[in-house]
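Q: Mind having a look at this structure? Questions to follow.
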Amino acid sequence: EIYYTEQGTGQPVLLSHGWPLSSDAWQVELKLLADAGYRAIAHDRRGHGRSSKTYEGNDMDTYAEDLAQLVEALDLHDLVVIGHSTGGGEVVRYTARHGADRVVKVITAGAVPPVMVRSDSNREGTPIEEFDGIRAGVLADRSQFYQDLAEPFFGANREGATVSQGAKDDFWRQGMLVNLAAAYDCVKAFSETDFTEDLKAIAVPMMIAHGDDDQIVPIDAAAKKAAELVPDSRLVVYPGAPHGIYVNYQRSLDADIL
């Protein structure tokens, strides 16, 4: 069972969240889009939030298929898809493989495509050892791990940063809703999935947004490469912005989305 929430009426806009969050991460955007005359919809990925706590299917192909079933169930057309981080990979794969007749625009923010993990062909990527560390942290003490991860996620570890305790607490709260198997398996899904061919297949306009101080998904390995692969793309870089969509970055990004 996939949980979703929707607000407003009009052209549909579907929002896909990052790991280890839920549709709650899009609360501000849901209201802003609804206020602007759109039908805003956000779902909880399988294993996350209020969706079924799955042991199987925690991979990008299945995430995209789940999204396709949700879109079909709601009969969405003239659709705009928006994805943050892992959700960016999800909407890219969905659009390329399932959304040709439904999606008219794609927006990603801090998204994982083309591929995160370092390899001989992706020297700017993140070493596999860092993803192994994420898995180990989730397995050993996920509660403390999510508290620690909130610091670089929002850039709270940068000098002069002012990130509220409430924002960090909400990151932890959403993370604790993910069942362990889904959280663990999703690390492989977001880090090792290669979206190169999916990006090349996107035939609609795409806005690729990224903060240039993203400590989770480095911009050089992600957005800058993705923009070269999508035929009709626009790269929007937010100086000093972190991975988490928060405060000034959130205000600027939301204005650009609208």
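Residues in the structure tokens are named by chain (A, B, ... in the order shown) and by number from 1 within that chain; ligands are numbered from 1 in the order shown.
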Among region 63-185 of chain A, which ones does DSSP assign to strand (DSSP E or B) (computed from the backbone)? Answer as a list in words.
A: Leu79, Val80, Val81, Ile82, Gly83, His84, Val103, Val104, Lys105, Val106, Ile107, Thr108, Ala109, Val117, Ser119, Asn122 and Thr126 of chain A
Q: Give me the residues within 12 Å of Leu67 (chain A) as a PyMOL selection string, counting only C-alpha atoms and dropping any in the same chain fewer than 2 places off.
A: chain A and resi 1-4+14-17+41-46+60-65+69-76+81+83+87+89-95+97-99
Q: Out of A:Val106, A:Ala136, A:Gln7, A:Lys200, which residue has the shortest atom-to-atom distance to Val28 (chain A) when counting only C-alpha atoms?
A: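 The closest residue to Val28 (chain A) is A:Gln7.
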Q: Would you please give, as a PyMOL selection string, all residues of region 29-237 of chain A that DSSP assigns to helix (DSSP H, G or I) based on the backbone?
A: chain A and resi 29-35+60-74+86-97+128-154+165-175+180-192+196-201+219-221+223-229
Q: Which residues are close to Ala221 (chain A), i.e. within 7 Å by only C-alpha atoms, leaving aside same-chain residues fewer than 5 positions away? Reply as a PyMOL selection string.
A: chain A and resi 116+124-125
